[in-house]
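S.K.: As input, take entry_39.cif (mmCIF, N, CA and C atoms):
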```cif
data_protein
#
loop_
_atom_site.label_atom_id
_atom_site.label_comp_id
_atom_site.auth_asym_id
_atom_site.auth_seq_id
_atom_site.Cartn_x
_atom_site.Cartn_y
_atom_site.Cartn_z
N MET A 1 -24.55 37.84 -7.61
CA MET A 1 -23.62 36.76 -7.30
C MET A 1 -23.82 35.63 -8.30
N ALA A 2 -22.76 35.14 -8.87
CA ALA A 2 -22.84 34.09 -9.88
C ALA A 2 -23.14 32.75 -9.21
N ASN A 3 -23.81 31.88 -9.96
CA ASN A 3 -24.07 30.53 -9.47
C ASN A 3 -22.78 29.74 -9.46
N THR A 4 -22.62 28.92 -8.44
CA THR A 4 -21.46 28.04 -8.35
C THR A 4 -21.95 26.61 -8.47
N LYS A 5 -21.35 25.86 -9.37
CA LYS A 5 -21.73 24.47 -9.59
C LYS A 5 -20.61 23.56 -9.11
N ILE A 6 -20.95 22.65 -8.22
CA ILE A 6 -19.97 21.64 -7.80
C ILE A 6 -19.97 20.58 -8.88
N SER A 7 -18.82 20.38 -9.53
CA SER A 7 -18.78 19.45 -10.66
C SER A 7 -18.96 18.01 -10.19
N ALA A 8 -18.00 17.46 -9.48
CA ALA A 8 -18.08 16.08 -9.01
C ALA A 8 -16.83 15.77 -8.21
N PHE A 9 -16.95 14.80 -7.34
CA PHE A 9 -15.77 14.27 -6.68
C PHE A 9 -15.10 13.32 -7.66
N THR A 10 -13.82 13.40 -7.78
CA THR A 10 -13.09 12.43 -8.59
C THR A 10 -12.36 11.50 -7.63
N ALA A 11 -12.01 10.33 -8.13
CA ALA A 11 -11.32 9.37 -7.26
C ALA A 11 -10.06 9.99 -6.68
N ALA A 12 -9.30 10.72 -7.50
CA ALA A 12 -8.06 11.31 -7.01
C ALA A 12 -8.33 12.35 -5.95
N THR A 13 -9.39 13.14 -6.11
CA THR A 13 -9.72 14.16 -5.12
C THR A 13 -10.15 13.52 -3.81
N VAL A 14 -11.01 12.53 -3.87
CA VAL A 14 -11.48 11.88 -2.66
C VAL A 14 -10.33 11.20 -1.95
N MET A 15 -9.43 10.57 -2.68
CA MET A 15 -8.32 9.87 -2.06
C MET A 15 -7.44 10.82 -1.24
N THR A 16 -7.30 12.07 -1.69
CA THR A 16 -6.43 12.98 -0.97
C THR A 16 -7.15 13.68 0.17
N GLY A 17 -8.45 13.53 0.26
CA GLY A 17 -9.16 14.06 1.40
C GLY A 17 -10.07 15.21 1.11
N ALA A 18 -9.89 16.28 1.84
CA ALA A 18 -10.92 17.29 1.99
C ALA A 18 -10.94 18.36 0.91
N GLN A 19 -10.82 17.98 -0.32
CA GLN A 19 -10.91 18.98 -1.39
C GLN A 19 -11.88 18.50 -2.45
N PHE A 20 -12.53 19.44 -3.11
CA PHE A 20 -13.35 19.12 -4.26
C PHE A 20 -13.26 20.26 -5.24
N SER A 21 -13.63 19.98 -6.49
CA SER A 21 -13.51 20.99 -7.54
C SER A 21 -14.79 21.78 -7.70
N ILE A 22 -14.65 23.06 -7.92
CA ILE A 22 -15.78 23.93 -8.23
C ILE A 22 -15.48 24.57 -9.58
N ILE A 23 -16.45 24.51 -10.48
CA ILE A 23 -16.30 25.16 -11.78
C ILE A 23 -17.08 26.46 -11.73
N GLN A 24 -16.41 27.57 -11.88
CA GLN A 24 -17.06 28.88 -11.84
C GLN A 24 -16.44 29.74 -12.94
N GLY A 25 -17.29 30.13 -13.88
CA GLY A 25 -16.81 30.97 -14.96
C GLY A 25 -15.71 30.31 -15.77
N GLY A 26 -15.77 28.98 -15.91
CA GLY A 26 -14.79 28.26 -16.69
C GLY A 26 -13.48 28.02 -15.97
N THR A 27 -13.39 28.44 -14.71
CA THR A 27 -12.16 28.27 -13.94
C THR A 27 -12.35 27.16 -12.92
N ASN A 28 -11.40 26.25 -12.86
CA ASN A 28 -11.43 25.17 -11.89
C ASN A 28 -10.82 25.67 -10.59
N LYS A 29 -11.60 25.66 -9.50
CA LYS A 29 -11.11 26.12 -8.20
C LYS A 29 -11.18 24.97 -7.21
N ARG A 30 -10.42 25.09 -6.17
CA ARG A 30 -10.44 24.09 -5.09
C ARG A 30 -11.13 24.68 -3.88
N ALA A 31 -11.85 23.81 -3.16
CA ALA A 31 -12.50 24.23 -1.92
C ALA A 31 -12.32 23.13 -0.89
N SER A 32 -12.40 23.48 0.35
CA SER A 32 -12.21 22.52 1.43
C SER A 32 -13.51 22.32 2.18
N ILE A 33 -13.79 21.07 2.55
CA ILE A 33 -14.97 20.78 3.36
C ILE A 33 -14.59 20.31 4.76
N GLY A 34 -13.31 20.26 5.05
CA GLY A 34 -12.86 19.95 6.40
C GLY A 34 -12.99 18.51 6.82
N LEU A 35 -13.14 17.57 5.90
CA LEU A 35 -13.22 16.16 6.25
C LEU A 35 -12.03 15.42 5.69
N LEU A 36 -11.61 14.39 6.40
CA LEU A 36 -10.54 13.53 5.94
C LEU A 36 -11.16 12.22 5.50
N PHE A 37 -10.79 11.73 4.34
CA PHE A 37 -11.24 10.44 3.86
C PHE A 37 -10.08 9.47 3.89
N LEU A 38 -10.28 8.32 4.53
CA LEU A 38 -9.27 7.26 4.53
C LEU A 38 -9.71 6.21 3.52
N THR A 39 -8.77 5.63 2.81
CA THR A 39 -9.12 4.65 1.79
C THR A 39 -8.25 3.41 1.89
N GLY A 40 -8.78 2.34 1.36
CA GLY A 40 -8.03 1.10 1.27
C GLY A 40 -8.60 0.24 0.16
N SER A 41 -7.82 -0.71 -0.29
CA SER A 41 -8.30 -1.64 -1.30
C SER A 41 -7.59 -2.97 -1.15
N ALA A 42 -8.25 -4.01 -1.64
CA ALA A 42 -7.67 -5.35 -1.61
C ALA A 42 -8.35 -6.19 -2.68
N THR A 43 -7.64 -7.17 -3.19
CA THR A 43 -8.23 -8.11 -4.13
C THR A 43 -8.83 -9.26 -3.32
N ILE A 44 -10.15 -9.49 -3.54
CA ILE A 44 -10.87 -10.49 -2.75
C ILE A 44 -11.69 -11.37 -3.69
N ASP A 45 -11.72 -12.66 -3.40
CA ASP A 45 -12.62 -13.59 -4.08
C ASP A 45 -13.58 -14.13 -3.03
N PHE A 46 -14.83 -13.65 -3.07
CA PHE A 46 -15.82 -14.08 -2.09
C PHE A 46 -16.37 -15.47 -2.36
N GLY A 47 -16.09 -16.02 -3.56
CA GLY A 47 -16.60 -17.34 -3.91
C GLY A 47 -18.09 -17.28 -4.19
N SER A 48 -18.73 -18.43 -4.19
CA SER A 48 -20.17 -18.51 -4.47
C SER A 48 -20.94 -18.26 -3.17
N VAL A 49 -21.96 -17.39 -3.26
CA VAL A 49 -22.78 -17.05 -2.10
C VAL A 49 -24.24 -17.34 -2.44
N ASP A 50 -24.89 -18.17 -1.64
CA ASP A 50 -26.29 -18.53 -1.87
C ASP A 50 -27.20 -17.31 -1.70
N ASP A 51 -28.41 -17.40 -2.29
CA ASP A 51 -29.41 -16.35 -2.13
C ASP A 51 -29.75 -16.19 -0.65
N ASN A 52 -29.94 -14.95 -0.22
CA ASN A 52 -30.26 -14.61 1.17
C ASN A 52 -29.19 -15.08 2.15
N ALA A 53 -27.95 -15.02 1.71
CA ALA A 53 -26.83 -15.41 2.58
C ALA A 53 -25.71 -14.40 2.43
N SER A 54 -24.76 -14.47 3.36
CA SER A 54 -23.59 -13.60 3.31
C SER A 54 -22.33 -14.43 3.20
N SER A 55 -21.31 -13.83 2.60
CA SER A 55 -20.02 -14.49 2.47
C SER A 55 -19.30 -14.49 3.82
N ALA A 56 -18.23 -15.24 3.87
CA ALA A 56 -17.31 -15.11 5.00
C ALA A 56 -16.68 -13.73 4.92
N ALA A 57 -16.30 -13.18 6.05
CA ALA A 57 -15.71 -11.84 6.08
C ALA A 57 -14.28 -11.87 5.54
N SER A 58 -13.93 -10.81 4.83
CA SER A 58 -12.56 -10.60 4.35
C SER A 58 -12.10 -9.24 4.84
N ASN A 59 -10.81 -9.06 5.00
CA ASN A 59 -10.29 -7.80 5.54
C ASN A 59 -9.64 -6.93 4.46
N VAL A 60 -9.89 -5.63 4.57
CA VAL A 60 -9.25 -4.62 3.74
C VAL A 60 -8.50 -3.69 4.69
N THR A 61 -7.22 -3.45 4.43
CA THR A 61 -6.44 -2.53 5.26
C THR A 61 -6.80 -1.10 4.93
N VAL A 62 -7.16 -0.33 5.96
CA VAL A 62 -7.44 1.10 5.83
C VAL A 62 -6.58 1.79 6.89
N THR A 63 -5.41 2.22 6.49
CA THR A 63 -4.45 2.82 7.42
C THR A 63 -5.06 4.06 8.09
N GLY A 64 -4.99 4.10 9.41
CA GLY A 64 -5.50 5.23 10.18
C GLY A 64 -6.91 5.05 10.71
N ALA A 65 -7.64 4.05 10.22
CA ALA A 65 -9.01 3.81 10.69
C ALA A 65 -8.98 3.20 12.08
N VAL A 66 -9.99 3.56 12.90
CA VAL A 66 -10.14 2.98 14.23
C VAL A 66 -11.58 2.53 14.41
N VAL A 67 -11.77 1.63 15.36
CA VAL A 67 -13.11 1.12 15.64
C VAL A 67 -14.04 2.30 15.93
N GLY A 68 -15.20 2.30 15.29
CA GLY A 68 -16.16 3.37 15.46
C GLY A 68 -16.16 4.38 14.33
N ASP A 69 -15.14 4.35 13.45
CA ASP A 69 -15.13 5.23 12.28
C ASP A 69 -16.27 4.83 11.35
N PHE A 70 -16.68 5.77 10.51
CA PHE A 70 -17.79 5.57 9.59
C PHE A 70 -17.30 5.00 8.27
N VAL A 71 -17.80 3.84 7.88
CA VAL A 71 -17.50 3.29 6.56
C VAL A 71 -18.49 3.93 5.60
N LEU A 72 -17.98 4.85 4.80
CA LEU A 72 -18.83 5.62 3.88
C LEU A 72 -19.27 4.78 2.69
N ASP A 73 -18.36 3.99 2.13
CA ASP A 73 -18.70 3.20 0.95
C ASP A 73 -17.77 2.02 0.82
N VAL A 74 -18.34 0.93 0.31
CA VAL A 74 -17.56 -0.25 -0.09
C VAL A 74 -18.04 -0.58 -1.49
N THR A 75 -17.13 -0.61 -2.45
CA THR A 75 -17.51 -0.90 -3.83
C THR A 75 -16.48 -1.82 -4.46
N ALA A 76 -16.77 -2.26 -5.68
CA ALA A 76 -15.91 -3.24 -6.34
C ALA A 76 -15.62 -2.84 -7.77
N SER A 77 -14.59 -3.48 -8.32
CA SER A 77 -14.18 -3.18 -9.70
C SER A 77 -14.94 -3.99 -10.74
N GLY A 78 -15.63 -5.04 -10.34
CA GLY A 78 -16.24 -5.95 -11.31
C GLY A 78 -17.74 -6.11 -11.16
N ASN A 79 -18.21 -7.34 -11.37
CA ASN A 79 -19.65 -7.60 -11.44
C ASN A 79 -20.39 -7.40 -10.12
N ILE A 80 -19.71 -7.31 -9.02
CA ILE A 80 -20.39 -7.03 -7.74
C ILE A 80 -21.07 -5.66 -7.82
N ALA A 81 -20.40 -4.70 -8.42
CA ALA A 81 -20.91 -3.33 -8.48
C ALA A 81 -22.09 -3.18 -9.42
N THR A 82 -22.31 -4.12 -10.32
CA THR A 82 -23.34 -3.94 -11.34
C THR A 82 -24.47 -4.96 -11.26
N THR A 83 -24.48 -5.82 -10.26
CA THR A 83 -25.50 -6.86 -10.16
C THR A 83 -26.55 -6.48 -9.13
N ASP A 84 -27.82 -6.47 -9.55
CA ASP A 84 -28.92 -6.16 -8.63
C ASP A 84 -28.98 -7.19 -7.51
N GLY A 85 -29.23 -6.71 -6.30
CA GLY A 85 -29.40 -7.59 -5.15
C GLY A 85 -28.12 -8.01 -4.47
N ILE A 86 -26.99 -7.48 -4.92
CA ILE A 86 -25.70 -7.82 -4.31
C ILE A 86 -25.18 -6.58 -3.56
N PHE A 87 -24.86 -6.75 -2.29
CA PHE A 87 -24.44 -5.63 -1.45
C PHE A 87 -23.13 -5.95 -0.76
N LEU A 88 -22.28 -4.96 -0.66
CA LEU A 88 -21.05 -5.06 0.12
C LEU A 88 -21.24 -4.26 1.40
N LEU A 89 -20.90 -4.87 2.52
CA LEU A 89 -21.03 -4.22 3.81
C LEU A 89 -19.66 -4.18 4.48
N GLY A 90 -19.36 -3.07 5.14
CA GLY A 90 -18.07 -2.95 5.80
C GLY A 90 -18.19 -2.35 7.18
N LYS A 91 -17.31 -2.76 8.07
CA LYS A 91 -17.21 -2.15 9.41
C LYS A 91 -15.77 -2.25 9.87
N ILE A 92 -15.37 -1.26 10.63
CA ILE A 92 -14.01 -1.25 11.18
C ILE A 92 -14.02 -2.12 12.44
N THR A 93 -13.23 -3.19 12.41
CA THR A 93 -13.23 -4.14 13.52
C THR A 93 -11.98 -4.06 14.39
N ALA A 94 -10.95 -3.39 13.90
CA ALA A 94 -9.70 -3.20 14.65
C ALA A 94 -8.97 -2.04 13.98
N ALA A 95 -7.96 -1.54 14.65
CA ALA A 95 -7.19 -0.44 14.08
C ALA A 95 -6.66 -0.83 12.70
N GLY A 96 -7.05 -0.05 11.68
CA GLY A 96 -6.56 -0.27 10.33
C GLY A 96 -7.21 -1.40 9.57
N VAL A 97 -8.29 -1.99 10.13
CA VAL A 97 -8.92 -3.15 9.50
C VAL A 97 -10.40 -2.91 9.24
N CYS A 98 -10.81 -2.99 7.96
CA CYS A 98 -12.22 -2.94 7.61
C CYS A 98 -12.64 -4.35 7.20
N GLU A 99 -13.58 -4.92 7.94
CA GLU A 99 -14.11 -6.24 7.62
C GLU A 99 -15.22 -6.08 6.59
N VAL A 100 -15.10 -6.77 5.46
CA VAL A 100 -16.06 -6.64 4.36
C VAL A 100 -16.74 -7.97 4.12
N THR A 101 -18.07 -7.92 3.99
CA THR A 101 -18.84 -9.11 3.61
C THR A 101 -19.70 -8.78 2.40
N LEU A 102 -19.98 -9.81 1.62
CA LEU A 102 -20.87 -9.68 0.48
C LEU A 102 -22.19 -10.32 0.87
N HIS A 103 -23.30 -9.59 0.68
CA HIS A 103 -24.62 -10.15 0.95
C HIS A 103 -25.35 -10.32 -0.37
N ASN A 104 -25.95 -11.50 -0.55
CA ASN A 104 -26.68 -11.82 -1.77
C ASN A 104 -28.17 -11.83 -1.49
N ASP A 105 -28.87 -10.86 -2.06
CA ASP A 105 -30.33 -10.79 -1.94
C ASP A 105 -30.95 -10.85 -3.34
N SER A 106 -30.27 -11.58 -4.24
CA SER A 106 -30.78 -11.72 -5.61
C SER A 106 -31.66 -12.97 -5.69
N ALA A 107 -31.94 -13.39 -6.90
CA ALA A 107 -32.85 -14.52 -7.09
C ALA A 107 -32.17 -15.88 -7.03
N GLY A 108 -30.87 -15.93 -6.88
CA GLY A 108 -30.18 -17.22 -6.84
C GLY A 108 -28.75 -17.05 -6.36
N ALA A 109 -28.00 -18.13 -6.44
CA ALA A 109 -26.59 -18.10 -6.03
C ALA A 109 -25.82 -17.09 -6.89
N PHE A 110 -24.80 -16.47 -6.28
CA PHE A 110 -23.98 -15.48 -6.99
C PHE A 110 -22.52 -15.83 -6.77
N ASP A 111 -21.77 -15.94 -7.86
CA ASP A 111 -20.35 -16.22 -7.77
C ASP A 111 -19.57 -15.00 -8.24
N ALA A 112 -19.02 -14.28 -7.32
CA ALA A 112 -18.24 -13.08 -7.62
C ALA A 112 -16.82 -13.48 -7.94
N ALA A 113 -16.39 -13.15 -9.14
CA ALA A 113 -15.00 -13.41 -9.50
C ALA A 113 -14.07 -12.58 -8.60
N SER A 114 -12.83 -12.98 -8.50
CA SER A 114 -11.86 -12.20 -7.74
C SER A 114 -11.77 -10.80 -8.33
N GLN A 115 -11.88 -9.79 -7.48
CA GLN A 115 -11.83 -8.40 -7.95
C GLN A 115 -11.37 -7.47 -6.84
N THR A 116 -11.04 -6.25 -7.23
CA THR A 116 -10.57 -5.27 -6.27
C THR A 116 -11.75 -4.66 -5.53
N ILE A 117 -11.65 -4.66 -4.21
CA ILE A 117 -12.67 -4.06 -3.34
C ILE A 117 -12.08 -2.77 -2.79
N TYR A 118 -12.86 -1.68 -2.89
CA TYR A 118 -12.43 -0.35 -2.44
C TYR A 118 -13.27 0.08 -1.24
N VAL A 119 -12.62 0.66 -0.24
CA VAL A 119 -13.30 1.11 0.98
C VAL A 119 -12.95 2.58 1.20
N ILE A 120 -13.98 3.39 1.54
CA ILE A 120 -13.78 4.79 1.92
C ILE A 120 -14.32 4.97 3.34
N VAL A 121 -13.50 5.53 4.22
CA VAL A 121 -13.85 5.69 5.64
C VAL A 121 -13.72 7.15 6.02
N ILE A 122 -14.67 7.64 6.83
CA ILE A 122 -14.55 8.97 7.43
C ILE A 122 -14.28 8.76 8.93
N PRO A 123 -13.15 9.26 9.42
CA PRO A 123 -12.86 9.08 10.86
C PRO A 123 -13.90 9.82 11.72
N LYS A 124 -14.31 9.17 12.79
CA LYS A 124 -15.28 9.80 13.70
C LYS A 124 -14.70 11.08 14.32
N ALA A 125 -13.39 11.17 14.40
CA ALA A 125 -12.74 12.37 14.94
C ALA A 125 -13.03 13.60 14.07
N SER A 126 -13.37 13.38 12.79
CA SER A 126 -13.73 14.51 11.91
C SER A 126 -14.94 15.26 12.42
N PHE A 127 -15.77 14.57 13.24
CA PHE A 127 -16.97 15.17 13.80
C PHE A 127 -16.85 15.46 15.28
N GLY A 128 -15.63 15.37 15.79
CA GLY A 128 -15.40 15.63 17.20
C GLY A 128 -15.88 14.52 18.10
N LEU A 129 -16.02 13.32 17.57
CA LEU A 129 -16.51 12.18 18.36
C LEU A 129 -15.36 11.34 18.88
#
```
Re-express the file's structure as structure tokens.
M.R.:
Amino acid sequence: MANTKISAFTAATVMTGAQFSIIQGGTNKRASIGLLFLTGSATIDFGSVDDNASSAASNVTVTGAVVGDFVLDVTASGNIATTDGIFLLGKITAAGVCEVTLHNDSAGAFDAASQTIYVIVIPKASFGL
């Protein structure tokens, strides 16, 4: 039996849900893992956040999300994603709403420029919950 290598999830693949690419013998194949991924994005300016503090919460619309769904990842397009000690946290607080906060655990104040925030959610129903 030949080895099968999972190449990587791409943004386009994750956005459409339960498919990923497998490269086998030079052929790109599709496989299903049976999970649905919900996504959302919004442009947010968290402003300046002091060390060991969190920003005010901002909302990102994630159509189809419900309270109790799993927020798999919250990431950003700019310096939030590349600065040590800066974390984005998300939770579903109402139907279709992911509340996002920025936490600063760096050595000083952090001013995040306005940037696109991306959220990926796995519905709890995917696990029969």
S.K.: Run the PyMOL selection byres (((chain A and resi 63-80 and name CA) around 7) and name CA) mentally over the shown coordinates, then write out the matched residues as a list of chain:residue names, using the chain letters and numbers from the document.
M.R.: A:Thr61, A:Val62, A:Ala81, A:Thr82, A:Thr83, A:Ile86, A:Leu88, A:Leu89, A:Gly90, A:Lys91, A:Ile92, A:Thr93, A:Ala94, A:Ala95, A:Gly96, A:Ala112, A:Gln115, A:Thr116, A:Ile117, A:Tyr118, A:Val119, A:Ile120, A:Val121, A:Ile122, A:Pro123, A:Lys124
S.K.: May I have the residues within 8 Å of A:Phe87 as a list in words, using only C-alpha atoms and disregarding those fewer than 6 positions away in the same chain?
M.R.: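 Neighbouring residues, sequence-local ones excluded: Ile80, Leu102, His103, Asn104 and Asp105 of chain A.
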S.K.: What's the separation between atom CA of A:Asn52 and atom CA of A:Thr39, in Å to one decimal place?
M.R.: 28.6 Å
S.K.: Which distance in Å separates atom N of A:Phe110 and atom N of A:Gly40, to one decimal?
M.R.: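 Interatomic distance here is 25.9 Å.
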S.K.: Using only C-alpha atoms, determine which residues lie at most 7 Å from A:Ser55, disregarding the query and same-chain residues fewer than 2 positions distant; provide the list as a list in words.
M.R.: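 Counting only C-alpha atoms, the residues come to Phe46, Val49, Ala53, Ala57, Thr101, Leu102 and His103 of chain A.
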S.K.: What is the distance between atom C of A:Ser48 and atom C of A:Cys98, in Å to one decimal?
M.R.: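 Straight-line distance from atom C of A:Ser48 to atom C of A:Cys98 works out to 19.2 Å.
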S.K.: With all atoms listed in the file as the basis for distance, which of A:Gly108, A:Ser114, A:Val100, A:Ala56 is at the shortest distance from A:Thr43?
M.R.: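 Selected residue with least distance to A:Thr43: A:Ser114.
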S.K.: From stretch 67-107 of chain A, collect each residue whose DSSP state is strand (DSSP E) and return the set as a PDB file with N, CA and C atoms, in the frame of the given file.
M.R.:
```pdb
ATOM      1  N   PHE A  70     -16.680   5.770  10.510  1.00  0.00           N
ATOM      2  CA  PHE A  70     -17.790   5.570   9.590  1.00  0.00           C
ATOM      3  C   PHE A  70     -17.300   5.000   8.270  1.00  0.00           C
ATOM      4  N   VAL A  71     -17.800   3.840   7.880  1.00  0.00           N
ATOM      5  CA  VAL A  71     -17.500   3.290   6.560  1.00  0.00           C
ATOM      6  C   VAL A  71     -18.490   3.930   5.600  1.00  0.00           C
ATOM      7  N   LEU A  72     -17.980   4.850   4.800  1.00  0.00           N
ATOM      8  CA  LEU A  72     -18.830   5.620   3.880  1.00  0.00           C
ATOM      9  C   LEU A  72     -19.270   4.780   2.690  1.00  0.00           C
ATOM     10  N   ASP A  73     -18.360   3.990   2.130  1.00  0.00           N
ATOM     11  CA  ASP A  73     -18.700   3.200   0.950  1.00  0.00           C
ATOM     12  C   ASP A  73     -17.770   2.020   0.820  1.00  0.00           C
ATOM     13  N   VAL A  74     -18.340   0.930   0.310  1.00  0.00           N
ATOM     14  CA  VAL A  74     -17.560  -0.250  -0.090  1.00  0.00           C
ATOM     15  C   VAL A  74     -18.040  -0.580  -1.490  1.00  0.00           C
ATOM     16  N   THR A  75     -17.130  -0.610  -2.450  1.00  0.00           N
ATOM     17  CA  THR A  75     -17.510  -0.900  -3.830  1.00  0.00           C
ATOM     18  C   THR A  75     -16.480  -1.820  -4.460  1.00  0.00           C
ATOM     19  N   ALA A  76     -16.770  -2.260  -5.680  1.00  0.00           N
ATOM     20  CA  ALA A  76     -15.910  -3.240  -6.340  1.00  0.00           C
ATOM     21  C   ALA A  76     -15.620  -2.840  -7.770  1.00  0.00           C
ATOM     22  N   ILE A  86     -26.990  -7.480  -4.920  1.00  0.00           N
ATOM     23  CA  ILE A  86     -25.700  -7.820  -4.310  1.00  0.00           C
ATOM     24  C   ILE A  86     -25.180  -6.580  -3.560  1.00  0.00           C
ATOM     25  N   PHE A  87     -24.860  -6.750  -2.290  1.00  0.00           N
ATOM     26  CA  PHE A  87     -24.440  -5.630  -1.450  1.00  0.00           C
ATOM     27  C   PHE A  87     -23.130  -5.950  -0.760  1.00  0.00           C
ATOM     28  N   LEU A  88     -22.280  -4.960  -0.660  1.00  0.00           N
ATOM     29  CA  LEU A  88     -21.050  -5.060   0.120  1.00  0.00           C
ATOM     30  C   LEU A  88     -21.240  -4.260   1.400  1.00  0.00           C
ATOM     31  N   LEU A  89     -20.900  -4.870   2.520  1.00  0.00           N
ATOM     32  CA  LEU A  89     -21.030  -4.220   3.810  1.00  0.00           C
ATOM     33  C   LEU A  89     -19.660  -4.180   4.480  1.00  0.00           C
ATOM     34  N   GLY A  90     -19.360  -3.070   5.140  1.00  0.00           N
ATOM     35  CA  GLY A  90     -18.070  -2.950   5.800  1.00  0.00           C
ATOM     36  C   GLY A  90     -18.190  -2.350   7.180  1.00  0.00           C
ATOM     37  N   LYS A  91     -17.310  -2.760   8.070  1.00  0.00           N
ATOM     38  CA  LYS A  91     -17.210  -2.150   9.410  1.00  0.00           C
ATOM     39  C   LYS A  91     -15.770  -2.250   9.870  1.00  0.00           C
ATOM     40  N   ILE A  92     -15.370  -1.260  10.630  1.00  0.00           N
ATOM     41  CA  ILE A  92     -14.010  -1.250  11.180  1.00  0.00           C
ATOM     42  C   ILE A  92     -14.020  -2.120  12.440  1.00  0.00           C
ATOM     43  N   THR A  93     -13.230  -3.190  12.410  1.00  0.00           N
ATOM     44  CA  THR A  93     -13.230  -4.140  13.520  1.00  0.00           C
ATOM     45  C   THR A  93     -11.980  -4.060  14.390  1.00  0.00           C
ATOM     46  N   ALA A  94     -10.950  -3.390  13.900  1.00  0.00           N
ATOM     47  CA  ALA A  94      -9.700  -3.200  14.650  1.00  0.00           C
ATOM     48  C   ALA A  94      -8.970  -2.040  13.980  1.00  0.00           C
ATOM     49  N   VAL A  97      -8.290  -1.990  10.130  1.00  0.00           N
ATOM     50  CA  VAL A  97      -8.920  -3.150   9.500  1.00  0.00           C
ATOM     51  C   VAL A  97     -10.400  -2.910   9.240  1.00  0.00           C
ATOM     52  N   CYS A  98     -10.810  -2.990   7.960  1.00  0.00           N
ATOM     53  CA  CYS A  98     -12.220  -2.940   7.610  1.00  0.00           C
ATOM     54  C   CYS A  98     -12.640  -4.350   7.200  1.00  0.00           C
ATOM     55  N   GLU A  99     -13.580  -4.920   7.940  1.00  0.00           N
ATOM     56  CA  GLU A  99     -14.110  -6.240   7.620  1.00  0.00           C
ATOM     57  C   GLU A  99     -15.220  -6.080   6.590  1.00  0.00           C
ATOM     58  N   VAL A 100     -15.100  -6.770   5.460  1.00  0.00           N
ATOM     59  CA  VAL A 100     -16.060  -6.640   4.360  1.00  0.00           C
ATOM     60  C   VAL A 100     -16.740  -7.970   4.120  1.00  0.00           C
ATOM     61  N   THR A 101     -18.070  -7.920   3.990  1.00  0.00           N
ATOM     62  CA  THR A 101     -18.840  -9.110   3.610  1.00  0.00           C
ATOM     63  C   THR A 101     -19.700  -8.780   2.400  1.00  0.00           C
ATOM     64  N   LEU A 102     -19.980  -9.810   1.620  1.00  0.00           N
ATOM     65  CA  LEU A 102     -20.870  -9.680   0.480  1.00  0.00           C
ATOM     66  C   LEU A 102     -22.190 -10.320   0.870  1.00  0.00           C
ATOM     67  N   HIS A 103     -23.300  -9.590   0.680  1.00  0.00           N
ATOM     68  CA  HIS A 103     -24.620 -10.150   0.950  1.00  0.00           C
ATOM     69  C   HIS A 103     -25.350 -10.320  -0.370  1.00  0.00           C
ATOM     70  N   ASN A 104     -25.950 -11.500  -0.550  1.00  0.00           N
ATOM     71  CA  ASN A 104     -26.680 -11.820  -1.770  1.00  0.00           C
ATOM     72  C   ASN A 104     -28.170 -11.830  -1.490  1.00  0.00           C
TER      73      ASN A 104
END
```
S.K.: Find, counting only C-alpha atoms, the residue in A:Ala113, A:Leu129, A:Val60, A:Ala107 that gets nearest to A:Leu38.
M.R.: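 Smallest separation from A:Leu38 among the options: A:Val60.
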